[in-house]
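Participant: Input file: model_28.pdb. Contents: PDB, C-alpha atoms.
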ATOM      1  CA  MET A   1       0.000   0.000   0.000
ATOM      2  CA  HIS A   2       1.239   3.494  -0.846
ATOM      3  CA  SER A   3      -0.031   6.876   0.268
ATOM      4  CA  THR A   4      -1.188   9.309  -2.398
ATOM      5  CA  ALA A   5      -1.710  13.041  -2.631
ATOM      6  CA  ASN A   6      -5.468  12.442  -2.561
ATOM      7  CA  SER A   7      -6.743  12.183   1.017
ATOM      8  CA  ALA A   8     -10.082  10.756  -0.156
ATOM      9  CA  VAL A   9      -8.303   7.854  -1.841
ATOM     10  CA  ASP A  10      -6.199   7.238   1.253
ATOM     11  CA  ASP A  11      -9.274   7.270   3.517
ATOM     12  CA  THR A  12     -11.028   4.737   1.282
ATOM     13  CA  GLU A  13      -8.012   2.439   1.299
ATOM     14  CA  ILE A  14      -7.653   2.660   5.080
ATOM     15  CA  HIS A  15     -11.292   1.688   5.637
ATOM     16  CA  ALA A  16     -10.928  -1.159   3.135
ATOM     17  CA  LEU A  17      -8.236  -2.659   5.369
ATOM     18  CA  GLY A  18     -10.984  -3.791   7.693
ATOM     19  CA  HIS A  19     -12.127  -6.295   5.055
ATOM     20  CA  VAL A  20      -8.845  -8.130   4.495
ATOM     21  CA  ASN A  21      -6.699 -10.575   6.457
ATOM     22  CA  PRO A  22      -3.246 -10.482   4.828
ATOM     23  CA  LYS A  23      -0.226 -12.644   5.557
ATOM     24  CA  CYS A  24       2.116  -9.825   4.516
ATOM     25  CA  PHE A  25       1.379  -6.105   4.732
ATOM     26  CA  THR A  26       3.579  -3.266   3.473
ATOM     27  CA  TRP A  27       2.819   0.447   3.627
ATOM     28  CA  THR A  28       5.509   2.796   2.350
ATOM     29  CA  GLY A  29       5.691   6.394   1.227
ATOM     30  CA  PRO A  30       5.825   7.535  -2.409
ATOM     31  CA  ASP A  31       9.142   9.388  -2.054
ATOM     32  CA  PRO A  32      12.640   7.972  -2.720
ATOM     33  CA  ALA A  33      14.234   6.118   0.180
ATOM     34  CA  HIS A  34      16.723   8.934   0.848
ATOM     35  CA  HIS A  35      13.917  11.493   1.214
ATOM     36  CA  PHE A  36      12.604  11.436   4.780
ATOM     37  CA  SER A  37       8.880  12.155   4.625
ATOM     38  CA  THR A  38       5.671  11.124   6.379
ATOM     39  CA  ALA A  39       3.156   8.917   4.605
ATOM     40  CA  ILE A  40       1.383   7.383   7.609
ATOM     41  CA  VAL A  41       0.196  10.272   9.758
ATOM     42  CA  PRO A  42      -0.796   9.649  13.407
ATOM     43  CA  VAL A  43      -4.532   9.338  12.761
ATOM     44  CA  ALA A  44      -3.879   6.930   9.877
ATOM     45  CA  PHE A  45      -1.754   4.730  12.133
ATOM     46  CA  THR A  46      -4.526   4.710  14.730
ATOM     47  CA  PHE A  47      -7.038   3.451  12.158
ATOM     48  CA  LEU A  48      -4.506   0.964  10.812
ATOM     49  CA  ALA A  49      -3.916  -0.504  14.274
ATOM     50  CA  GLN A  50      -7.658  -0.844  14.790
ATOM     51  CA  HIS A  51      -8.023  -2.834  11.563
ATOM     52  CA  MET A  52      -4.966  -4.934  12.358
ATOM     53  CA  ALA A  53      -6.828  -6.391  15.323
ATOM     54  CA  ASN A  54      -8.652  -8.589  12.788
ATOM     55  CA  TRP A  55      -5.513  -9.711  10.936
ATOM     56  CA  THR A  56      -5.062 -13.124  12.483
ATOM     57  CA  ALA A  57      -3.087 -14.369   9.444
ATOM     58  CA  LEU A  58      -0.504 -11.560   9.445
ATOM     59  CA  GLN A  59       3.094 -12.803   9.505
ATOM     60  CA  TYR A  60       5.157  -9.944   8.046
ATOM     61  CA  LEU A  61       4.558  -6.254   8.752
ATOM     62  CA  HIS A  62       6.549  -3.527   6.958
ATOM     63  CA  LEU A  63       5.807   0.138   7.681
ATOM     64  CA  THR A  64       7.858   3.161   6.649
ATOM     65  CA  ASN A  65       7.457   6.930   6.742
ATOM     66  CA  VAL A  66       5.418   6.802   9.941
ATOM     67  CA  ALA A  67       4.573   9.543  12.413
ATOM     68  CA  PHE A  68       3.235   7.731  15.462
ATOM     69  CA  PRO A  69       0.527   9.246  17.661
ATOM     70  CA  LEU A  70       1.517  10.421  21.100
ATOM     71  CA  PRO A  71       0.770   7.736  23.709
ATOM     72  CA  LEU A  72      -1.105   8.455  26.902
ATOM     73  CA  LEU A  73       1.549   8.507  29.599
ATOM     74  CA  PRO A  74       0.790   6.715  32.854
ATOM     75  CA  SER A  75       0.935   8.609  36.106
ATOM     76  CA  PRO A  76       4.259   8.286  37.977
ATOM     77  CA  SER A  77       2.294   6.833  40.898
ATOM     78  CA  ASP A  78       0.400   4.347  38.740
ATOM     79  CA  THR A  79       0.846   0.787  40.000
ATOM     80  CA  GLY A  80      -1.762  -0.819  37.780
ATOM     81  CA  PRO A  81      -1.302  -2.686  34.496
ATOM     82  CA  VAL A  82       1.308  -1.237  32.181
ATOM     83  CA  GLN A  83       0.675   0.675  29.000
ATOM     84  CA  ALA A  84      -1.143  -0.989  26.110
ATOM     85  CA  PRO A  85       1.091  -2.519  23.413
ATOM     86  CA  LEU A  86       1.830  -0.588  20.225
ATOM     87  CA  PHE A  87       0.047  -3.166  18.056
ATOM     88  CA  PRO A  88      -2.972  -5.366  18.792
ATOM     89  CA  ALA A  89      -2.705  -9.112  19.331
ATOM     90  CA  LEU A  90      -1.251 -10.715  16.192
ATOM     91  CA  PRO A  91      -0.886 -14.440  16.889
ATOM     92  CA  ASN A  92       1.041 -15.342  13.721
ATOM     93  CA  LEU A  93       3.260 -12.269  13.383
ATOM     94  CA  ILE A  94       6.913 -13.204  12.794
ATOM     95  CA  THR A  95       8.698 -10.018  11.743
ATOM     96  CA  VAL A  96       8.121  -6.279  12.048
ATOM     97  CA  TYR A  97      10.036  -3.653  10.069
ATOM     98  CA  VAL A  98       9.559   0.021  10.902
ATOM     99  CA  GLY A  99      11.578   2.559   8.934
ATOM    100  CA  GLN A 100      11.830   6.351   8.805
ATOM    101  CA  ALA A 101       9.587   6.825  11.811
ATOM    102  CA  THR A 102       9.176   9.722  14.215
ATOM    103  CA  MET A 103       7.649   9.890  17.701
ATOM    104  CA  LEU A 104       8.154   6.138  18.150
ATOM    105  CA  PRO A 105       6.497   5.309  21.504
ATOM    106  CA  LEU A 106       9.036   3.184  23.344
ATOM    107  CA  ARG A 107       6.922   1.837  26.205
ATOM    108  CA  PRO A 108       4.088   0.609  23.954
ATOM    109  CA  LEU A 109       6.705  -0.948  21.662
ATOM    110  CA  ALA A 110       8.405  -2.703  24.576
ATOM    111  CA  ALA A 111       5.024  -3.842  25.892
ATOM    112  CA  PHE A 112       4.268  -5.457  22.537
ATOM    113  CA  VAL A 113       7.588  -7.317  22.427
ATOM    114  CA  LEU A 114       7.178  -8.544  26.007
ATOM    115  CA  SER A 115       3.535  -9.478  25.717
ATOM    116  CA  ARG A 116       1.867 -12.691  24.678
ATOM    117  CA  ALA A 117       0.057 -10.754  21.953
ATOM    118  CA  ALA A 118       2.552 -11.982  19.339
ATOM    119  CA  PRO A 119       3.754 -15.434  20.436
ATOM    120  CA  ALA A 120       5.477 -16.122  17.083
ATOM    121  CA  LEU A 121       7.403 -12.824  17.007
ATOM    122  CA  GLN A 122      11.082 -13.292  16.150
ATOM    123  CA  SER A 123      12.328  -9.949  14.844
ATOM    124  CA  VAL A 124      11.599  -6.236  15.180
ATOM    125  CA  ARG A 125      13.830  -4.034  12.980
ATOM    126  CA  LEU A 126      13.802  -0.305  13.622
ATOM    127  CA  VAL A 127      15.610   1.538  10.828
ATOM    128  CA  ASP A 128      16.057   5.318  10.984
ATOM    129  CA  CYS A 129      13.524   5.611  13.779
ATOM    130  CA  TYR A 130      13.496   8.632  16.054
ATOM    131  CA  ILE A 131      12.300   9.122  19.608
ATOM    132  CA  GLU A 132      10.813  12.480  18.647
ATOM    133  CA  SER A 133      11.634  14.491  15.502
ATOM    134  CA  ILE A 134      14.346  13.803  12.928
ATOM    135  CA  TRP A 135      16.372  16.580  14.553
ATOM    136  CA  GLY A 136      16.515  14.626  17.789
ATOM    137  CA  ALA A 137      17.889  11.272  18.905
ATOM    138  CA  ARG A 138      17.552   8.048  16.953
ATOM    139  CA  VAL A 139      16.044   5.071  18.723
ATOM    140  CA  ARG A 140      18.729   2.740  20.038
ATOM    141  CA  ARG A 141      18.164  -0.709  21.437
ATOM    142  CA  ARG A 142      19.159   0.444  24.898
ATOM    143  CA  ASP A 143      16.251   2.911  24.757
ATOM    144  CA  VAL A 144      13.843   0.020  24.226
ATOM    145  CA  GLU A 145      15.581  -1.948  26.986
ATOM    146  CA  GLN A 146      15.132   0.971  29.389
ATOM    147  CA  ALA A 147      11.463   1.213  28.416
ATOM    148  CA  ALA A 148      11.044  -2.493  29.151
ATOM    149  CA  VAL A 149      12.647  -2.111  32.582
ATOM    150  CA  ALA A 150      10.386   0.868  33.286
ATOM    151  CA  LEU A 151       7.371  -1.283  32.447
ATOM    152  CA  VAL A 152       8.505  -3.963  34.874
ATOM    153  CA  GLN A 153       9.120  -1.408  37.606
ATOM    154  CA  SER A 154       5.755   0.312  37.097
ATOM    155  CA  SER A 155       3.719  -2.878  37.434
ATOM    156  CA  GLY A 156       2.470  -3.315  40.957
ATOM    157  CA  SER A 157       1.872  -7.043  41.026
ATOM    158  CA  ARG A 158       3.042 -10.332  39.572
ATOM    159  CA  SER A 159      -0.358 -10.822  37.941
ATOM    160  CA  ALA A 160      -0.068  -7.503  36.088
ATOM    161  CA  LEU A 161       3.403  -8.408  34.901
ATOM    162  CA  GLY A 162       2.181 -11.826  33.847
ATOM    163  CA  ASP A 163       0.068 -10.208  31.141
ATOM    164  CA  TYR A 164       3.174  -8.706  29.584
ATOM    165  CA  MET A 165       6.131 -10.926  30.403
ATOM    166  CA  ARG A 166       6.919 -13.777  28.066
ATOM    167  CA  LEU A 167       9.858 -14.918  30.181
ATOM    168  CA  ARG A 168       8.869 -15.346  33.797
ATOM    169  CA  ALA A 169      10.530 -15.717  37.142
ATOM    170  CA  PRO A 170       7.555 -16.983  39.174
ATOM    171  CA  ASP A 171       9.395 -17.543  42.433
ATOM    172  CA  VAL A 172      10.683 -14.011  42.958
ATOM    173  CA  ASP A 173       9.136 -10.655  43.742
ATOM    174  CA  ALA A 174       7.870  -8.540  40.863
ATOM    175  CA  ASP A 175      10.516  -5.880  41.519
ATOM    176  CA  SER A 176      13.369  -8.390  41.515
ATOM    177  CA  PRO A 177      16.246  -7.932  39.048
ATOM    178  CA  ALA A 178      15.288 -11.350  37.658
ATOM    179  CA  TRP A 179      12.120  -9.864  36.164
ATOM    180  CA  MET A 180      14.021  -6.926  34.712
ATOM    181  CA  GLY A 181      16.740  -9.211  33.381
ATOM    182  CA  ALA A 182      14.176 -11.386  31.625
ATOM    183  CA  ALA A 183      12.639  -8.317  29.994
ATOM    184  CA  VAL A 184      16.010  -7.016  28.781
ATOM    185  CA  ASP A 185      16.981 -10.444  27.424
ATOM    186  CA  ARG A 186      13.755 -10.596  25.432
ATOM    187  CA  ILE A 187      14.350  -7.141  23.929
ATOM    188  CA  ARG A 188      17.931  -8.023  22.992
ATOM    189  CA  SER A 189      16.870 -11.233  21.286
ATOM    190  CA  VAL A 190      14.178  -9.593  19.154
ATOM    191  CA  VAL A 191      14.864  -5.875  18.598
ATOM    192  CA  ARG A 192      17.503  -4.532  16.211
ATOM    193  CA  CYS A 193      17.978  -0.789  15.690
ATOM    194  CA  GLU A 194      19.803   0.498  12.621
ATOM    195  CA  ALA A 195      20.855   3.714  10.919
ATOM    196  CA  LEU A 196      20.557   3.707   7.142
ATOM    197  CA  THR A 197      20.176   7.276   5.907
ATOM    198  CA  GLU A 198      22.202  10.223   7.204
ATOM    199  CA  ARG A 199      21.182  13.848   7.139
ATOM    200  CA  ILE A 200      23.456  16.166   5.166
ATOM    201  CA  ILE A 201      23.764  18.407   8.206
ATOM    202  CA  GLY A 202      22.634  18.169  11.806
ATOM    203  CA  GLY A 203      20.612  15.496  13.495
ATOM    204  CA  ASP A 204      21.796  12.328  15.236
ATOM    205  CA  ARG A 205      24.643  11.269  12.976
ATOM    206  CA  VAL A 206      26.063   7.759  13.278
ATOM    207  CA  GLU A 207      29.762   7.060  12.997
ATOM    208  CA  GLY A 208      31.001   3.573  12.208
ATOM    209  CA  SER A 209      28.574   0.682  12.674
ATOM    210  CA  ALA A 210      25.019   1.152  11.453
ATOM    211  CA  VAL A 211      23.735  -1.040  14.286
ATOM    212  CA  LEU A 212      22.499   1.083  17.174
ATOM    213  CA  ASP A 213      22.895  -0.721  20.473
TER     214      ASP A 213
END
What would you get if you wrote out this structure as structure tokens?
Facilitator:
Amino acid sequence: MHSTANSAVDDTEIHALGHVNPKCFTWTGPDPAHHFSTAIVPVAFTFLAQHMANWTALQYLHLTNVAFPLPLLPSPSDTGPVQAPLFPALPNLITVYVGQATMLPLRPLAAFVLSRAAPALQSVRLVDCYIESIWGARVRRRDVEQAAVALVQSSGSRSALGDYMRLRAPDVDADSPAWMGAAVDRIRSVVRCEALTERIIGGDRVEGSAVLD
């Protein structure tokens, strides 16, 4: 799927997504790969995620040129269940590729990787993804690891964590390092952050390896 300059066409295509159940879904922008632009605006991603809840056959998801919506941040004193995952439950999803993305919500992403919503998930590649704007910091794997640890620390009970943790340490307290270690191990085994395209001037420039740990 590709965005167009005609919003009416895009709206029709987005609503049509509720009537399909693909094994592979790709949505990219119309511009060349070296041109950083936004094709999937926040409201479009919201509708896309709603339709994806019905995609039980989905195995491969490829999204580029995305501006994610701002997540609702939990209160610092919140001890209830952690933030909702970035994507809905996708039981057959194997790989996720997100490229040229801004405002990537780290806690919802970490929640998705840690949850049982995608039991077949093996790989999440984040290429040229930014925490906020393209003038700010790129997403590095350690950012996702820190988000995962924050999720573990913000959950007030073992039962709340159980909804999100794939790897469990049932015989220790919920705030034990064993829970946090399991979360970090899961992120490291699945998430890979990369830099592909550099800005001519400014921004978070990467020297040497394109892998962002």
Participant: Run through the PyMOL selection byres ((chain A and resi 92) around 10) on the given coordinates and return the selected residues as a PyMOL selection string.
Facilitator: chain A and resi 23+55-60+89-91+93-95+117-121
Participant: Return as CSV the residues of segment 17-115 of chain A lying at most 10 Å from segment 138-151 of chain A, together with the closest atom-to-atom pair for each and the distance in Å to one decimal, counting only C-alpha atoms, with rows in chain order and ascending residue number.
Facilitator:
residue,atom,partner,partner_atom,distance
A:Pro81,CA,A:Leu151,CA,9.0
A:Val82,CA,A:Leu151,CA,6.1
A:Gln83,CA,A:Leu151,CA,7.8
A:Ala101,CA,A:Arg138,CA,9.6
A:Thr102,CA,A:Arg138,CA,9.0
A:Met103,CA,A:Val139,CA,9.7
A:Leu104,CA,A:Val139,CA,8.0
A:Pro105,CA,A:Ala147,CA,9.4
A:Leu106,CA,A:Val144,CA,5.8
A:Arg107,CA,A:Ala147,CA,5.1
A:Pro108,CA,A:Ala147,CA,8.6
A:Leu109,CA,A:Val144,CA,7.6
A:Ala110,CA,A:Ala148,CA,5.3
A:Ala111,CA,A:Ala148,CA,7.0
A:Phe112,CA,A:Ala148,CA,9.9
A:Val113,CA,A:Ala148,CA,9.0
A:Leu114,CA,A:Ala148,CA,7.8
Participant: Export, as a compact mmCIF listing (two decimals), in the frame of the given file, the selected residues with C-alpha atoms.
Facilitator:
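Everything below was put into again_8.txt:
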# COMPACT_ATOMS: atom_id res chain seq x y z
CA PRO A 81 -1.30 -2.69 34.50
CA VAL A 82 1.31 -1.24 32.18
CA GLN A 83 0.68 0.68 29.00
CA ALA A 101 9.59 6.82 11.81
CA THR A 102 9.18 9.72 14.22
CA MET A 103 7.65 9.89 17.70
CA LEU A 104 8.15 6.14 18.15
CA PRO A 105 6.50 5.31 21.50
CA LEU A 106 9.04 3.18 23.34
CA ARG A 107 6.92 1.84 26.20
CA PRO A 108 4.09 0.61 23.95
CA LEU A 109 6.70 -0.95 21.66
CA ALA A 110 8.40 -2.70 24.58
CA ALA A 111 5.02 -3.84 25.89
CA PHE A 112 4.27 -5.46 22.54
CA VAL A 113 7.59 -7.32 22.43
CA LEU A 114 7.18 -8.54 26.01
Participant: Just checking: using only C-alpha atoms, which residue out of A:Pro88, A:Pro69, A:Pro22, A:Gly29 ends up closest to Ile131 of chain A?
Facilitator: A:Pro69
Participant: Rounded to one decimal, what separation in Å do you get between atom CA of Leu70 of chain A and atom CA of Thr28 of chain A?
Facilitator: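 About the pair atom CA of Leu70 of chain A and atom CA of Thr28 of chain A: they are 20.6 Å apart.
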Participant: To one decimal in Å, tell me the separation between atom CA of Val98 of chain A and atom CA of Ala210 of chain A.
Facilitator: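 Computed distance, atom CA of Val98 of chain A to atom CA of Ala210 of chain A, equals 15.5 Å.
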Participant: In Å to one decimal, how far is atom CA of Leu63 of chain A from atom CA of Val20 of chain A?
Facilitator: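 The value is 17.1 Å.
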Participant: From the options A:Leu61, A:Ala183, A:Val190, A:Ala16, which residue's atoms come nearest to Gln122 of chain A, counting all atoms listed in the file?
Facilitator: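 Closest to Gln122 of chain A, using all atoms listed in the file: A:Val190.
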Participant: Do a neighbour search on Gln100 of chain A at 12 Å with only C-alpha atoms, toss out local chain neighbours closer than 3 positions, and write the hits as a ChimeraX atom specification.
Facilitator: /A:27-29,31-40,62-68,97,103-104,125-134,138-139,193-198
Participant: How would the residues just chosen look if you wrote them out with C-alpha atoms as a PDB file, in the coordinates of the input?
Facilitator:
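Final file, again.pdb:
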ATOM      1  CA  TRP A  27       2.819   0.447   3.627  1.00  0.00           C
ATOM      2  CA  THR A  28       5.509   2.796   2.350  1.00  0.00           C
ATOM      3  CA  GLY A  29       5.691   6.394   1.227  1.00  0.00           C
ATOM      4  CA  ASP A  31       9.142   9.388  -2.054  1.00  0.00           C
ATOM      5  CA  PRO A  32      12.640   7.972  -2.720  1.00  0.00           C
ATOM      6  CA  ALA A  33      14.234   6.118   0.180  1.00  0.00           C
ATOM      7  CA  HIS A  34      16.723   8.934   0.848  1.00  0.00           C
ATOM      8  CA  HIS A  35      13.917  11.493   1.214  1.00  0.00           C
ATOM      9  CA  PHE A  36      12.604  11.436   4.780  1.00  0.00           C
ATOM     10  CA  SER A  37       8.880  12.155   4.625  1.00  0.00           C
ATOM     11  CA  THR A  38       5.671  11.124   6.379  1.00  0.00           C
ATOM     12  CA  ALA A  39       3.156   8.917   4.605  1.00  0.00           C
ATOM     13  CA  ILE A  40       1.383   7.383   7.609  1.00  0.00           C
ATOM     14  CA  HIS A  62       6.549  -3.527   6.958  1.00  0.00           C
ATOM     15  CA  LEU A  63       5.807   0.138   7.681  1.00  0.00           C
ATOM     16  CA  THR A  64       7.858   3.161   6.649  1.00  0.00           C
ATOM     17  CA  ASN A  65       7.457   6.930   6.742  1.00  0.00           C
ATOM     18  CA  VAL A  66       5.418   6.802   9.941  1.00  0.00           C
ATOM     19  CA  ALA A  67       4.573   9.543  12.413  1.00  0.00           C
ATOM     20  CA  PHE A  68       3.235   7.731  15.462  1.00  0.00           C
ATOM     21  CA  TYR A  97      10.036  -3.653  10.069  1.00  0.00           C
ATOM     22  CA  MET A 103       7.649   9.890  17.701  1.00  0.00           C
ATOM     23  CA  LEU A 104       8.154   6.138  18.150  1.00  0.00           C
ATOM     24  CA  ARG A 125      13.830  -4.034  12.980  1.00  0.00           C
ATOM     25  CA  LEU A 126      13.802  -0.305  13.622  1.00  0.00           C
ATOM     26  CA  VAL A 127      15.610   1.538  10.828  1.00  0.00           C
ATOM     27  CA  ASP A 128      16.057   5.318  10.984  1.00  0.00           C
ATOM     28  CA  CYS A 129      13.524   5.611  13.779  1.00  0.00           C
ATOM     29  CA  TYR A 130      13.496   8.632  16.054  1.00  0.00           C
ATOM     30  CA  ILE A 131      12.300   9.122  19.608  1.00  0.00           C
ATOM     31  CA  GLU A 132      10.813  12.480  18.647  1.00  0.00           C
ATOM     32  CA  SER A 133      11.634  14.491  15.502  1.00  0.00           C
ATOM     33  CA  ILE A 134      14.346  13.803  12.928  1.00  0.00           C
ATOM     34  CA  ARG A 138      17.552   8.048  16.953  1.00  0.00           C
ATOM     35  CA  VAL A 139      16.044   5.071  18.723  1.00  0.00           C
ATOM     36  CA  CYS A 193      17.978  -0.789  15.690  1.00  0.00           C
ATOM     37  CA  GLU A 194      19.803   0.498  12.621  1.00  0.00           C
ATOM     38  CA  ALA A 195      20.855   3.714  10.919  1.00  0.00           C
ATOM     39  CA  LEU A 196      20.557   3.707   7.142  1.00  0.00           C
ATOM     40  CA  THR A 197      20.176   7.276   5.907  1.00  0.00           C
ATOM     41  CA  GLU A 198      22.202  10.223   7.204  1.00  0.00           C
TER      42      GLU A 198
END
Participant: Go through A:Ala53, A:Leu48, A:Val43, A:Val124 one by one, measure the shortest atom-to-atom distance of each to Ile14 of chain A using only C-alpha atoms, and give the residue with the smallest value.
Facilitator: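 Once distances to Ile14 of chain A are computed over only C-alpha atoms, the minimum belongs to A:Leu48.
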Participant: Can you fill out segment 112-138 of chain A with N, CA and C atoms and hand it back as a tab-separated table (two decimals), in the frame of the given file?
Facilitator:
chain	number	residue	atom	x	y	z
A	112	PHE	N	4.64	-4.50	23.59
A	112	PHE	CA	4.27	-5.46	22.54
A	112	PHE	C	5.27	-6.61	22.45
A	113	VAL	N	6.55	-6.28	22.52
A	113	VAL	CA	7.59	-7.32	22.43
A	113	VAL	C	7.52	-8.26	23.63
A	114	LEU	N	7.21	-7.73	24.80
A	114	LEU	CA	7.18	-8.54	26.01
A	114	LEU	C	5.88	-9.32	26.18
A	115	SER	N	4.85	-8.90	25.48
A	115	SER	CA	3.54	-9.48	25.72
A	115	SER	C	3.36	-10.82	25.02
A	116	ARG	N	2.25	-11.46	25.35
A	116	ARG	CA	1.87	-12.69	24.68
A	116	ARG	C	0.98	-12.40	23.48
A	117	ALA	N	0.90	-11.13	23.09
A	117	ALA	CA	0.06	-10.75	21.95
A	117	ALA	C	0.61	-11.27	20.63
A	118	ALA	N	1.93	-11.50	20.57
A	118	ALA	CA	2.55	-11.98	19.34
A	118	ALA	C	3.48	-13.14	19.69
A	119	PRO	N	2.93	-14.31	19.96
A	119	PRO	CA	3.75	-15.43	20.44
A	119	PRO	C	4.77	-15.94	19.42
A	120	ALA	N	4.55	-15.65	18.12
A	120	ALA	CA	5.48	-16.12	17.08
A	120	ALA	C	6.54	-15.08	16.73
A	121	LEU	N	6.51	-13.93	17.38
A	121	LEU	CA	7.40	-12.82	17.01
A	121	LEU	C	8.87	-13.19	17.19
A	122	GLN	N	9.66	-12.98	16.12
A	122	GLN	CA	11.08	-13.29	16.15
A	122	GLN	C	11.97	-12.08	15.92
A	123	SER	N	11.46	-11.06	15.22
A	123	SER	CA	12.33	-9.95	14.84
A	123	SER	C	11.54	-8.65	14.74
A	124	VAL	N	12.11	-7.60	15.35
A	124	VAL	CA	11.60	-6.24	15.18
A	124	VAL	C	12.77	-5.37	14.75
A	125	ARG	N	12.76	-4.89	13.50
A	125	ARG	CA	13.83	-4.03	12.98
A	125	ARG	C	13.35	-2.59	12.95
A	126	LEU	N	14.11	-1.73	13.58
A	126	LEU	CA	13.80	-0.30	13.62
A	126	LEU	C	14.91	0.43	12.88
A	127	VAL	N	14.61	0.93	11.69
A	127	VAL	CA	15.61	1.54	10.83
A	127	VAL	C	15.30	3.03	10.66
A	128	ASP	N	16.25	3.86	11.05
A	128	ASP	CA	16.06	5.32	10.98
A	128	ASP	C	14.79	5.73	11.73
A	129	CYS	N	14.66	5.24	12.94
A	129	CYS	CA	13.52	5.61	13.78
A	129	CYS	C	13.99	6.60	14.84
A	130	TYR	N	13.13	7.55	15.14
A	130	TYR	CA	13.50	8.63	16.05
A	130	TYR	C	12.54	8.68	17.24
A	131	ILE	N	13.11	9.02	18.39
A	131	ILE	CA	12.30	9.12	19.61
A	131	ILE	C	11.29	10.25	19.48
A	132	GLU	N	11.73	11.36	18.90
A	132	GLU	CA	10.81	12.48	18.65
A	132	GLU	C	10.94	12.88	17.18
A	133	SER	N	11.52	14.05	16.89
A	133	SER	CA	11.63	14.49	15.50
A	133	SER	C	12.95	14.01	14.90
A	134	ILE	N	13.11	14.22	13.60
A	134	ILE	CA	14.35	13.80	12.93
A	134	ILE	C	15.53	14.67	13.33
A	135	TRP	N	15.28	15.75	14.05
A	135	TRP	CA	16.37	16.58	14.55
A	135	TRP	C	16.86	16.10	15.91
A	136	GLY	N	16.15	15.14	16.47
A	136	GLY	CA	16.52	14.63	17.79
A	136	GLY	C	17.25	13.30	17.71
A	137	ALA	N	17.13	12.52	18.78
A	137	ALA	CA	17.89	11.27	18.90
A	137	ALA	C	17.22	10.13	18.16
A	138	ARG	N	18.05	9.29	17.54
A	138	ARG	CA	17.55	8.05	16.95
A	138	ARG	C	17.22	7.06	18.08
